file protein01.cif (mmCIF, C-alpha atoms)
data_coords
#
loop_
_atom_site.label_atom_id
_atom_site.label_comp_id
_atom_site.auth_asym_id
_atom_site.auth_seq_id
_atom_site.Cartn_x
_atom_site.Cartn_y
_atom_site.Cartn_z
CA MET A 1 6.78 -4.88 21.32
CA THR A 2 3.59 -6.44 19.99
CA GLU A 3 1.57 -3.37 20.99
CA THR A 4 3.28 -1.17 18.39
CA ARG A 5 3.86 -3.82 15.74
CA SER A 6 2.37 -3.07 12.33
CA LEU A 7 0.01 -6.01 12.12
CA TYR A 8 -1.11 -5.14 8.62
CA SER A 9 2.39 -6.10 7.47
CA ASP A 10 2.09 -9.44 9.26
CA ILE A 11 -1.30 -10.13 7.71
CA LEU A 12 -0.03 -9.12 4.28
CA ARG A 13 3.12 -11.24 4.65
CA THR A 14 1.08 -14.38 5.43
CA PHE A 15 -1.40 -13.67 2.65
CA SER A 16 1.46 -13.06 0.20
CA VAL A 17 3.05 -16.42 0.98
CA PHE A 18 -0.32 -18.14 0.53
CA CYS A 19 -0.67 -16.42 -2.84
CA VAL A 20 2.82 -17.60 -3.83
CA ILE A 21 1.48 -21.12 -3.32
CA VAL A 22 -1.56 -20.28 -5.46
CA LEU A 23 0.82 -18.96 -8.13
CA HIS A 24 2.90 -22.13 -8.21
CA VAL A 25 -0.14 -24.41 -8.22
CA ALA A 26 -1.86 -22.36 -10.92
CA SER A 27 1.25 -22.03 -13.08
CA GLY A 28 1.38 -25.82 -13.40
CA ARG A 29 -2.06 -25.81 -14.98
CA PHE A 30 -1.23 -22.67 -16.96
CA ASN A 31 1.74 -24.34 -18.64
CA GLN A 32 0.30 -27.85 -19.04
CA LEU A 33 -3.30 -27.46 -20.16
CA PRO A 34 -4.37 -27.02 -23.79
CA ILE A 35 -4.73 -23.27 -24.31
CA ASN A 36 -8.14 -23.64 -25.98
CA ASN A 37 -9.51 -25.35 -22.88
CA PHE A 38 -11.76 -23.30 -20.57
CA THR A 39 -9.91 -24.71 -17.58
CA TRP A 40 -6.75 -23.08 -18.96
CA GLU A 41 -8.53 -19.73 -18.88
CA VAL A 42 -9.41 -20.34 -15.23
CA ALA A 43 -5.79 -21.18 -14.47
CA ASN A 44 -4.77 -17.99 -16.29
CA VAL A 45 -7.09 -15.95 -14.07
CA PHE A 46 -5.59 -17.41 -10.88
CA ASP A 47 -2.06 -17.05 -12.20
CA SER A 48 -2.62 -13.46 -13.33
CA LEU A 49 -4.16 -12.39 -10.02
CA VAL A 50 -1.18 -13.32 -7.84
CA ARG A 51 1.81 -11.99 -9.76
CA TRP A 52 2.28 -9.22 -7.18
CA THR A 53 3.45 -11.58 -4.43
CA VAL A 54 7.25 -11.21 -4.56
CA PRO A 55 7.23 -7.40 -5.09
CA VAL A 56 4.91 -7.01 -2.10
CA MET A 57 7.12 -9.22 0.09
CA VAL A 58 10.05 -7.01 -0.89
CA MET A 59 7.98 -3.94 0.01
CA ILE A 60 7.23 -5.41 3.43
CA SER A 61 10.95 -6.01 3.99
CA GLY A 62 11.71 -2.44 2.95
CA SER A 63 9.15 -1.04 5.39
CA PHE A 64 11.05 -2.81 8.17
CA PHE A 65 14.73 -2.52 7.23
CA LEU A 66 14.59 1.12 6.12
CA ASP A 67 12.78 2.33 9.23
CA PRO A 68 15.35 4.66 10.90
CA THR A 69 13.68 4.17 14.30
CA LYS A 70 14.77 0.53 14.32
CA ASP A 71 18.22 -0.37 15.59
CA ILE A 72 19.70 -2.40 12.71
CA PRO A 73 23.49 -1.95 12.66
CA THR A 74 25.54 -3.42 9.83
CA LYS A 75 26.87 -6.20 12.06
CA LYS A 76 23.32 -7.32 12.86
CA ILE A 77 22.40 -7.38 9.17
CA TYR A 78 25.25 -9.79 8.47
CA THR A 79 25.19 -11.92 11.62
CA LYS A 80 21.40 -12.25 11.89
CA TYR A 81 19.54 -11.54 8.66
CA LEU A 82 22.07 -12.42 5.97
CA PHE A 83 23.31 -15.42 7.94
CA ARG A 84 19.74 -16.74 8.20
CA ILE A 85 19.08 -16.28 4.48
CA ILE A 86 22.34 -17.92 3.40
CA LEU A 87 21.96 -20.84 5.82
CA ALA A 88 18.35 -21.40 4.73
CA LEU A 89 19.48 -21.33 1.11
CA ILE A 90 22.18 -23.94 1.75
CA VAL A 91 20.00 -26.22 3.88
CA TRP A 92 16.86 -26.11 1.77
CA GLY A 93 18.81 -26.10 -1.47
CA GLY A 94 20.39 -29.29 -0.18
CA VAL A 95 16.99 -30.72 0.73
CA TYR A 96 15.60 -30.09 -2.76
CA LYS A 97 18.68 -31.42 -4.53
CA THR A 98 18.64 -34.55 -2.35
CA ARG A 99 14.96 -35.07 -2.99
CA ASN A 100 15.45 -34.75 -6.76
CA LEU A 101 18.32 -37.26 -6.72
CA LEU A 102 16.32 -39.75 -4.67
CA VAL A 103 13.35 -39.48 -7.04
CA GLU A 104 15.62 -39.98 -10.04
CA TYR A 105 17.26 -43.03 -8.45
CA PHE A 106 14.34 -44.83 -6.78
CA ILE A 107 11.40 -43.74 -8.94
CA ASN A 108 12.88 -43.15 -12.38
CA GLY A 109 15.64 -45.73 -12.11
CA ALA A 110 18.39 -43.34 -13.14
CA ASN A 111 22.03 -44.10 -12.54
CA ILE A 112 23.35 -41.78 -9.84
CA ASN A 113 27.08 -41.43 -9.19
CA LEU A 114 29.33 -39.06 -7.27
CA LYS A 115 29.88 -36.83 -10.31
CA ILE A 116 26.13 -36.31 -10.75
CA ILE A 117 25.69 -35.60 -7.04
CA ILE A 118 28.48 -33.02 -7.04
CA LYS A 119 27.09 -31.46 -10.22
CA GLN A 120 23.70 -31.03 -8.55
CA PHE A 121 24.95 -29.59 -5.26
CA ILE A 122 27.40 -27.19 -6.90
CA LYS A 123 24.37 -25.46 -8.41
CA ILE A 124 23.37 -24.09 -4.99
CA PRO A 125 26.19 -21.50 -4.67
CA LEU A 126 25.87 -20.81 -8.40
CA GLY A 127 22.29 -19.56 -8.05
CA ASN A 128 20.22 -22.61 -8.96
CA ALA A 129 19.11 -24.22 -5.68
CA HIS A 130 15.45 -24.61 -6.70
CA TYR A 131 13.02 -22.60 -8.79
CA HIS A 132 11.40 -20.70 -5.89
CA LEU A 133 14.62 -20.11 -3.97
CA TRP A 134 15.72 -17.43 -6.47
CA TYR A 135 13.96 -15.09 -4.05
CA LEU A 136 16.67 -15.73 -1.44
CA TYR A 137 19.47 -14.92 -3.86
CA MET A 138 17.74 -11.63 -4.63
CA LEU A 139 17.31 -10.84 -0.92
CA ILE A 140 21.02 -11.37 -0.31
CA GLY A 141 21.78 -8.65 -2.86
CA ILE A 142 19.36 -6.23 -1.23
CA TYR A 143 20.44 -6.98 2.35
CA VAL A 144 24.09 -6.30 1.47
CA LEU A 145 23.04 -2.81 0.39
CA VAL A 146 20.76 -2.11 3.38
CA PRO A 147 23.45 -0.23 5.38
CA VAL A 148 23.90 2.17 2.46
CA TYR A 149 20.15 2.47 1.95
CA ARG A 150 19.63 3.30 5.64
CA ILE A 151 22.17 6.11 5.42
CA PHE A 152 20.25 7.54 2.48
CA ILE A 153 16.91 7.24 4.30
CA LYS A 154 18.30 8.87 7.43
CA HIS A 155 19.15 12.05 5.52
CA ALA A 156 16.54 11.92 2.76
CA ARG A 157 13.55 14.19 2.50
CA LYS A 158 10.20 12.93 1.28
CA LYS A 159 10.83 14.31 -2.20
CA ASP A 160 14.21 12.57 -2.33
CA ILE A 161 12.56 9.19 -1.80
CA GLU A 162 9.85 10.12 -4.33
CA TYR A 163 12.59 10.91 -6.85
CA LEU A 164 14.16 7.50 -6.29
CA ILE A 165 10.81 5.75 -6.75
CA LYS A 166 10.15 7.74 -9.93
CA ILE A 167 13.53 6.65 -11.32
CA PHE A 168 12.59 3.07 -10.45
CA ILE A 169 9.24 3.36 -12.25
CA ILE A 170 10.75 5.01 -15.34
CA PHE A 171 13.89 2.91 -15.80
CA GLY A 172 13.45 -0.16 -13.60
CA ILE A 173 9.86 -0.81 -14.70
CA THR A 174 8.72 1.08 -17.81
CA PHE A 175 11.99 0.99 -19.76
CA ASN A 176 12.53 -2.63 -18.77
CA PHE A 177 9.06 -3.52 -20.09
CA ILE A 178 9.61 -1.65 -23.37
CA LYS A 179 13.02 -3.27 -23.80
CA ASN A 180 11.60 -6.77 -23.37
CA THR A 181 8.42 -6.32 -25.39
CA SER A 182 9.49 -4.07 -28.28
CA ARG A 183 10.40 -7.09 -30.43
CA TRP A 184 6.73 -8.03 -30.46
CA VAL A 185 6.03 -4.77 -32.29
CA HIS A 186 8.83 -5.17 -34.83
CA PRO A 187 12.09 -7.18 -34.83
CA LEU A 188 14.11 -4.05 -35.65
CA LEU A 189 12.95 -2.44 -32.40
CA GLN A 190 14.71 -5.04 -30.26
CA PHE A 191 17.07 -3.31 -27.82
CA SER A 192 20.69 -4.29 -27.34
CA SER A 193 21.94 -5.86 -24.12
CA TYR A 194 22.19 -2.61 -22.17
CA SER A 195 19.61 -1.95 -19.51
CA PHE A 196 18.92 0.48 -16.68
CA SER A 197 16.85 -2.00 -14.67
CA GLU A 198 19.88 -3.50 -12.93
CA LEU A 199 20.63 -0.04 -11.50
CA ILE A 200 17.75 -0.36 -9.05
CA SER A 201 15.78 -3.56 -9.78
CA TYR A 202 13.87 -4.87 -6.73
CA SER A 203 15.35 -2.16 -4.53
CA GLY A 204 12.69 0.13 -5.97
CA TYR A 205 10.00 -1.99 -4.32
CA PHE A 206 12.13 -1.99 -1.16
CA PHE A 207 12.03 1.82 -0.99
CA ALA A 208 8.36 1.97 -2.03
CA GLY A 209 7.41 -0.22 0.93
CA TYR A 210 9.09 2.15 3.35
CA TYR A 211 7.62 5.20 1.61
CA PHE A 212 4.05 3.93 1.81
CA LYS A 213 4.53 2.98 5.44
CA LYS A 214 6.10 6.31 6.40
CA TYR A 215 3.98 8.76 4.40
CA PRO A 216 0.18 8.60 4.20
CA VAL A 217 -1.03 8.92 0.62
CA SER A 218 -3.74 11.35 -0.39
CA LYS A 219 -7.26 10.11 -1.11
CA ASN A 220 -6.89 11.04 -4.76
CA PHE A 221 -3.65 9.06 -5.08
CA PHE A 222 -5.21 6.11 -3.25
CA TYR A 223 -8.21 6.02 -5.57
CA ILE A 224 -5.98 6.37 -8.62
CA ILE A 225 -3.91 3.36 -7.51
CA ILE A 226 -7.10 1.41 -6.78
CA SER A 227 -8.45 2.16 -10.24
CA LEU A 228 -5.19 1.48 -12.05
CA GLY A 229 -4.58 -1.63 -9.98
CA LEU A 230 -7.95 -3.14 -10.86
CA LEU A 231 -7.37 -2.23 -14.50
CA ALA A 232 -3.91 -3.86 -14.32
CA PHE A 233 -5.38 -7.13 -13.01
CA LEU A 234 -7.97 -7.17 -15.79
CA THR A 235 -5.40 -6.24 -18.44
CA THR A 236 -3.02 -8.98 -17.31
CA ILE A 237 -5.73 -11.62 -17.58
CA ILE A 238 -6.99 -10.52 -21.01
CA ALA A 239 -3.60 -9.67 -22.52
CA THR A 240 -2.11 -12.99 -21.38
CA SER A 241 -5.01 -14.89 -22.91
CA LEU A 242 -4.75 -13.01 -26.21
CA ILE A 243 -0.98 -13.29 -26.63
CA THR A 244 -1.11 -16.97 -25.69
CA LYS A 245 -3.66 -17.61 -28.41
CA LYS A 246 -1.53 -15.61 -30.84
CA THR A 247 1.70 -17.49 -30.11
CA GLY A 248 0.05 -20.88 -29.74
CA SER A 249 1.58 -21.67 -26.33
CA PRO A 250 1.33 -20.33 -22.76
CA ASN A 251 2.95 -16.91 -22.71
CA GLU A 252 4.05 -15.13 -19.52
CA LEU A 253 5.02 -11.86 -21.20
CA PHE A 254 2.89 -9.74 -18.83
CA PHE A 255 3.85 -11.61 -15.64
CA GLY A 256 7.23 -9.97 -15.03
CA ASN A 257 7.83 -8.63 -11.51
CA LEU A 258 9.57 -5.59 -12.98
CA TYR A 259 6.78 -4.68 -15.40
CA PRO A 260 4.20 -1.84 -15.12
CA LEU A 261 1.13 -4.06 -14.61
CA THR A 262 2.75 -5.94 -11.74
CA LEU A 263 3.93 -2.70 -10.15
CA LEU A 264 0.39 -1.29 -10.19
CA GLU A 265 -0.99 -4.54 -8.77
CA SER A 266 1.67 -4.54 -6.03
CA PHE A 267 0.98 -0.94 -5.00
CA PHE A 268 -2.75 -1.73 -5.07
CA VAL A 269 -2.43 -4.74 -2.75
CA TYR A 270 -0.05 -3.04 -0.33
CA LEU A 271 -2.14 0.12 0.01
CA VAL A 272 -5.43 -1.79 0.33
CA PHE A 273 -4.09 -3.93 3.17
CA LYS A 274 -2.60 -0.87 4.86
CA ALA A 275 -5.92 0.98 4.61
CA LEU A 276 -7.93 -1.98 5.88
CA PHE A 277 -5.75 -3.15 8.77
CA GLU A 278 -3.32 -0.41 9.82
CA ASN A 279 -5.54 0.95 12.59
CA LYS A 280 -6.96 -2.40 13.70
CA THR A 281 -5.73 -3.72 17.06
CA PHE A 282 -6.71 -7.39 16.69
CA LYS A 283 -6.31 -7.93 20.43
CA ARG A 284 -7.77 -11.44 20.36
CA GLN A 285 -6.17 -12.50 17.09
CA GLN A 286 -2.83 -10.74 17.58
CA MET A 287 -0.88 -13.81 18.66
CA ILE A 288 -2.25 -15.90 15.78
CA ILE A 289 -1.45 -13.17 13.25
CA ILE A 290 2.13 -12.77 14.50
CA THR A 291 2.70 -16.52 14.71
CA LEU A 292 1.52 -17.10 11.14
CA SER A 293 3.72 -14.23 10.01
CA ASN A 294 6.73 -15.71 11.80
CA TYR A 295 6.03 -19.07 10.13
CA SER A 296 5.60 -17.58 6.66
CA PHE A 297 9.30 -17.75 5.75
CA GLY A 298 9.41 -21.44 6.58
CA ILE A 299 6.20 -22.04 4.67
CA TYR A 300 7.70 -20.32 1.64
CA LEU A 301 10.81 -22.47 1.83
CA ILE A 302 9.01 -25.81 2.10
CA HIS A 303 5.83 -25.33 0.03
CA ALA A 304 7.42 -26.31 -3.29
CA LEU A 305 8.42 -29.66 -1.81
CA ILE A 306 4.84 -30.30 -0.70
CA ILE A 307 3.46 -29.36 -4.13
CA GLU A 308 5.90 -31.72 -5.84
CA GLU A 309 5.26 -34.62 -3.46
CA LEU A 310 1.48 -34.25 -3.70
CA SER A 311 1.77 -34.13 -7.48
CA ARG A 312 3.95 -37.24 -7.47
CA ILE A 313 1.18 -39.23 -5.75
CA GLY A 314 -1.46 -37.85 -8.10
CA VAL A 315 -2.79 -34.96 -6.03
CA ASN A 316 -2.37 -31.93 -8.26
CA ALA A 317 -4.33 -29.26 -10.10
CA ASN A 318 -5.39 -31.88 -12.65
CA THR A 319 -7.38 -33.75 -9.98
CA MET A 320 -10.48 -31.70 -10.71
CA HIS A 321 -11.55 -28.54 -12.51
CA SER A 322 -9.11 -25.65 -12.08
CA LEU A 323 -11.81 -23.53 -10.45
CA PHE A 324 -11.78 -25.88 -7.46
CA SER A 325 -8.43 -27.68 -7.61
CA ILE A 326 -6.22 -24.58 -7.55
CA PRO A 327 -7.64 -22.98 -4.36
CA LEU A 328 -8.18 -26.32 -2.58
CA ILE A 329 -4.71 -27.68 -3.29
CA SER A 330 -3.17 -24.30 -2.44
CA LEU A 331 -4.95 -24.35 0.92
CA ALA A 332 -3.87 -27.96 1.54
CA VAL A 333 -0.24 -27.13 0.70
CA PHE A 334 -0.35 -24.11 3.01
CA MET A 335 -1.75 -26.11 5.92
CA ILE A 336 0.65 -29.04 5.46
CA SER A 337 3.59 -26.64 5.21
CA LEU A 338 2.37 -24.82 8.32
CA CYS A 339 2.20 -28.06 10.29
CA ILE A 340 5.70 -29.10 9.22
CA VAL A 341 7.14 -25.69 10.10
CA PHE A 342 5.36 -25.87 13.46
CA ILE A 343 7.13 -29.18 14.16
CA ILE A 344 10.51 -27.92 12.93
CA LYS A 345 10.27 -24.86 15.15
CA ARG A 346 10.16 -27.11 18.21
CA PHE A 347 13.91 -27.56 17.72
CA LYS A 348 16.46 -24.91 18.71
CA PHE A 349 18.24 -24.79 15.34
CA SER A 350 14.97 -24.04 13.52
CA ARG A 351 15.24 -20.27 13.86
CA PHE A 352 18.09 -20.31 11.36
CA ILE A 353 16.30 -22.28 8.62
CA THR A 354 12.61 -21.35 8.98
#

call {"tool": "encode", "arguments": {"input": "protein01.cif", "output": "structure tokens"}}
result
Amino acid sequence: MTETRSLYSDILRTFSVFCVIVLHVASGRFNQLPINNFTWEVANVFDSLVRWTVPVMVMISGSFFLDPTKDIPTKKIYTKYLFRIILALIVWGGVYKTRNLLVEYFINGANINLKIIIKQFIKIPLGNAHYHLWYLYMLIGIYVLVPVYRIFIKHARKKDIEYLIKIFIIFGITFNFIKNTSRWVHPLLQFSSYSFSELISYSGYFFAGYYFKKYPVSKNFFYIIISLGLLAFLTTIIATSLITKKTGSPNELFFGNLYPLTLLESFFVYLVFKALFENKTFKRQQMIIITLSNYSFGIYLIHALIIEELSRIGVNANTMHSLFSIPLISLAVFMISLCIVFIIKRFKFSRFIT
């Protein structure tokens, strides 16, 4: 099995989770620092450079689940993949809610009663387990549709998938961006509540991941994506800085996962990793690469807890200049999370929650 495994996906999955940590560490500085401070600009650079993480993770999932050569019946999707996501959401949602209640009671001296406890835990099935766990709610929606998507892929031609991705780019990305930014041009241009983005949303990235895995892109297309991707990174950094200065507070207008700049950055990262590592065997490092990839889900689930606990004891991005604190704390959070997941995986039940 490991001989034919696409290791570039494993490498990219681990790197994506690390960059999620960078995003959450950097966003703290982004939202807290004075915007005229140079350290805020550094935080903006880090924050702007890792906004592709969730779309790329969705693309990786799509490259796996939509592969018609893999035996993934509907029953398996529900009993294995969906069950794991839902259980992880319940368990880790419970962990984060419990942690928050304990901090409020023991640290902040708040009065905690049964009504408050119930009010907190009822948020988990209502879609508010913890800020980073929104990703799991989104995955549940996609996984439910995977059986239908696989039927489409089984009978689709290359141009059929290209049509779907074009619809995603036009309505799910471009129109969505125009709808949400037009008010900055003129208040009268603000769109009503209707939107096409819900028609496809993150599923567009799901199909794009499979498409890029299945069909090699031409050199011209590759270089176009590389150029546009680099331009998108630069534009995100500069545009975010400018609009923040204009509004007088940190502004994440250009950070949306379903916006054109993020799409270009996501395609850029995915195709670069595929080009660099697709044909590499990594015989000596294969086991390490696969192990880190298998641990990445658990690291994603627990990393927010580590960030919050480190911050509570004074170890956060404010410890030193953003240029050093953001990467160093991100690396520390990754390693601590990795160690904890390693320990958890020693237990039989761990495969369901990490």

call {"tool": "residues_around", "arguments": {"input": "protein01.cif", "residues": "stretch 264-270 of chain A", "least_positions_apart": "5", "cutoff": "7 Å", "atoms": "all atoms listed in the file", "output": "list of chain:residue names"}}
result
A:Trp52, A:Pro55, A:Val56, A:Ile225, A:Ile226, A:Leu228, A:Gly229, A:Ala232, A:Phe233

call {"tool": "closest_atom_pairs", "arguments": {"input": "protein01.cif", "of": "stretch 219-281 of chain A", "to": "stretch 16-36 of chain A", "cutoff": "8 Å", "atoms": "all atoms listed in the file", "output": "tab-separated table"}}
result
residue	atom	partner	partner_atom	distance
A:Thr244	CA	A:Ile35	CA	7.4
A:Lys245	CA	A:Ile35	CA	7.1
A:Gly248	CA	A:Ile35	CA	7.6
A:Ser249	CA	A:Ile35	CA	6.8
A:Pro250	CA	A:Asn31	CA	5.8

call {"tool": "write_last_selection", "arguments": {"input": "protein01.cif", "atoms": "C-alpha atoms", "output": "compact mmCIF listing (two decimals), keeping the file's coordinate frame"}}
result
# COMPACT_ATOMS: atom_id res chain seq x y z
CA THR A 244 -1.11 -16.97 -25.69
CA LYS A 245 -3.66 -17.61 -28.41
CA GLY A 248 0.05 -20.88 -29.74
CA SER A 249 1.58 -21.67 -26.33
CA PRO A 250 1.33 -20.33 -22.76

call {"tool": "resolve_selection", "arguments": {"input": "protein01.cif", "expression": "the PyMOL selection byres ((chain A and resi 133) around 10)", "output": "list in words"}}
result
Ala88, Leu89, Trp92, Gly93, Ile124, Gly127, Asn128, Ala129, His130, Tyr131, His132, Trp134, Tyr135, Leu136, Tyr137, Met138, Tyr300, Leu301 and Ala304 of chain A

call {"tool": "write_last_selection", "arguments": {"input": "protein01.cif", "atoms": "C-alpha atoms", "output": "PDB file, in the coordinates of the input"}}
result
ATOM      1  CA  ALA A  88      18.350 -21.400   4.730  1.00  0.00           C
ATOM      2  CA  LEU A  89      19.480 -21.330   1.110  1.00  0.00           C
ATOM      3  CA  TRP A  92      16.860 -26.110   1.770  1.00  0.00           C
ATOM      4  CA  GLY A  93      18.810 -26.100  -1.470  1.00  0.00           C
ATOM      5  CA  ILE A 124      23.370 -24.090  -4.990  1.00  0.00           C
ATOM      6  CA  GLY A 127      22.290 -19.560  -8.050  1.00  0.00           C
ATOM      7  CA  ASN A 128      20.220 -22.610  -8.960  1.00  0.00           C
ATOM      8  CA  ALA A 129      19.110 -24.220  -5.680  1.00  0.00           C
ATOM      9  CA  HIS A 130      15.450 -24.610  -6.700  1.00  0.00           C
ATOM     10  CA  TYR A 131      13.020 -22.600  -8.790  1.00  0.00           C
ATOM     11  CA  HIS A 132      11.400 -20.700  -5.890  1.00  0.00           C
ATOM     12  CA  TRP A 134      15.720 -17.430  -6.470  1.00  0.00           C
ATOM     13  CA  TYR A 135      13.960 -15.090  -4.050  1.00  0.00           C
ATOM     14  CA  LEU A 136      16.670 -15.730  -1.440  1.00  0.00           C
ATOM     15  CA  TYR A 137      19.470 -14.920  -3.860  1.00  0.00           C
ATOM     16  CA  MET A 138      17.740 -11.630  -4.630  1.00  0.00           C
ATOM     17  CA  TYR A 300       7.700 -20.320   1.640  1.00  0.00           C
ATOM     18  CA  LEU A 301      10.810 -22.470   1.830  1.00  0.00           C
ATOM     19  CA  ALA A 304       7.420 -26.310  -3.290  1.00  0.00           C
TER      20      ALA A 304
END

call {"tool": "closest_residue", "arguments": {"input": "protein01.cif", "among": "A:Ser201, A:Val45, A:Gly256, A:Ile306", "to": "A:Ile170", "atoms": "only C-alpha atoms"}}
result
A:Ser201

call {"tool": "atom_distance", "arguments": {"input": "protein01.cif", "atom1": "atom CA of A:Leu126", "atom2": "atom CA of A:Val146"}}
result
22.7 Å

call {"tool": "resolve_selection", "arguments": {"input": "protein01.cif", "expression": "the PyMOL selection byres ((chain A and resi 331-335) around 8)", "output": "ChimeraX atom specification"}}
result
/A:18,21,299,303,306-307,327-330,336-339

call {"tool": "residues_around", "arguments": {"input": "protein01.cif", "residues": "A:Met287", "least_positions_apart": "2", "cutoff": "12 Å", "atoms": "all atoms listed in the file", "output": "short mmCIF file (atom, residue, chain, number, x, y, z; two decimals) with C-alpha atoms, in the coordinates of the input"}}
result
data_model
loop_
_atom_site.label_atom_id
_atom_site.label_comp_id
_atom_site.auth_asym_id
_atom_site.auth_seq_id
_atom_site.Cartn_x
_atom_site.Cartn_y
_atom_site.Cartn_z
CA THR A 2 3.59 -6.44 19.99
CA GLU A 3 1.57 -3.37 20.99
CA ARG A 5 3.86 -3.82 15.74
CA LEU A 7 0.01 -6.01 12.12
CA ASP A 10 2.09 -9.44 9.26
CA ILE A 11 -1.30 -10.13 7.71
CA THR A 281 -5.73 -3.72 17.06
CA PHE A 282 -6.71 -7.39 16.69
CA LYS A 283 -6.31 -7.93 20.43
CA ARG A 284 -7.77 -11.44 20.36
CA GLN A 285 -6.17 -12.50 17.09
CA ILE A 289 -1.45 -13.17 13.25
CA ILE A 290 2.13 -12.77 14.50
CA THR A 291 2.70 -16.52 14.71
CA LEU A 292 1.52 -17.10 11.14
CA SER A 293 3.72 -14.23 10.01
CA ASN A 294 6.73 -15.71 11.80
#

call {"tool": "closest_residue", "arguments": {"input": "protein01.cif", "among": "A:Thr262, A:Ser241, A:Ser6, A:Thr74", "to": "A:Ile151", "atoms": "only C-alpha atoms"}}
result
A:Thr74

call {"tool": "closest_residue", "arguments": {"input": "protein01.cif", "among": "A:Tyr259, A:Phe121, A:Tyr211, A:Tyr149", "to": "A:Lys179", "atoms": "all atoms listed in the file"}}
result
A:Tyr259

call {"tool": "atom_distance", "arguments": {"input": "protein01.cif", "atom1": "atom CA of A:Phe64", "atom2": "atom CA of A:Thr354"}}
result
18.6 Å

call {"tool": "resolve_selection", "arguments": {"input": "protein01.cif", "expression": "the PyMOL selection byres ((chain A and resi 322) around 10)", "output": "list in words"}}
result
Val25, Ala26, Arg29, Phe30, Phe38, Thr39, Trp40, Glu41, Val42, Ala43, Asn44, Phe46, Asn316, Ala317, Asn318, Thr319, Met320, His321, Leu323, Phe324, Ser325, Ile326, Pro327 and Leu328 of chain A

call {"tool": "closest_residue", "arguments": {"input": "protein01.cif", "among": "A:Val50, A:Leu253, A:Leu310, A:Leu231", "to": "A:Thr181", "atoms": "only C-alpha atoms"}}
result
A:Leu253

call {"tool": "atom_distance", "arguments": {"input": "protein01.cif", "atom1": "atom CA of A:Met59", "atom2": "atom CA of A:Ser9"}}
result
9.6 Å

call {"tool": "closest_residue", "arguments": {"input": "protein01.cif", "among": "A:Phe222, A:Tyr210, A:Tyr105, A:Phe254", "to": "A:Asp47", "atoms": "only C-alpha atoms"}}
result
A:Phe254

call {"tool": "residues_near_point", "arguments": {"input": "protein01.cif", "point": "(24.1, -34.7, -7.4)", "cutoff": "12 Å", "atoms": "all atoms listed in the file", "output": "list in words"}}
result
Gly93, Gly94, Val95, Tyr96, Lys97, Thr98, Arg99, Asn100, Leu101, Leu102, Val103, Glu104, Tyr105, Ala110, Asn111, Ile112, Asn113, Leu114, Lys115, Ile116, Ile117, Ile118, Lys119, Gln120, Phe121, Ile122, Lys123, Ile124 and Ala129 of chain A

call {"tool": "closest_residue", "arguments": {"input": "protein01.cif", "among": "A:Ser61, A:Asn180, A:Gln286, A:Ser350", "to": "A:Gly209", "atoms": "all atoms listed in the file"}}
result
A:Ser61
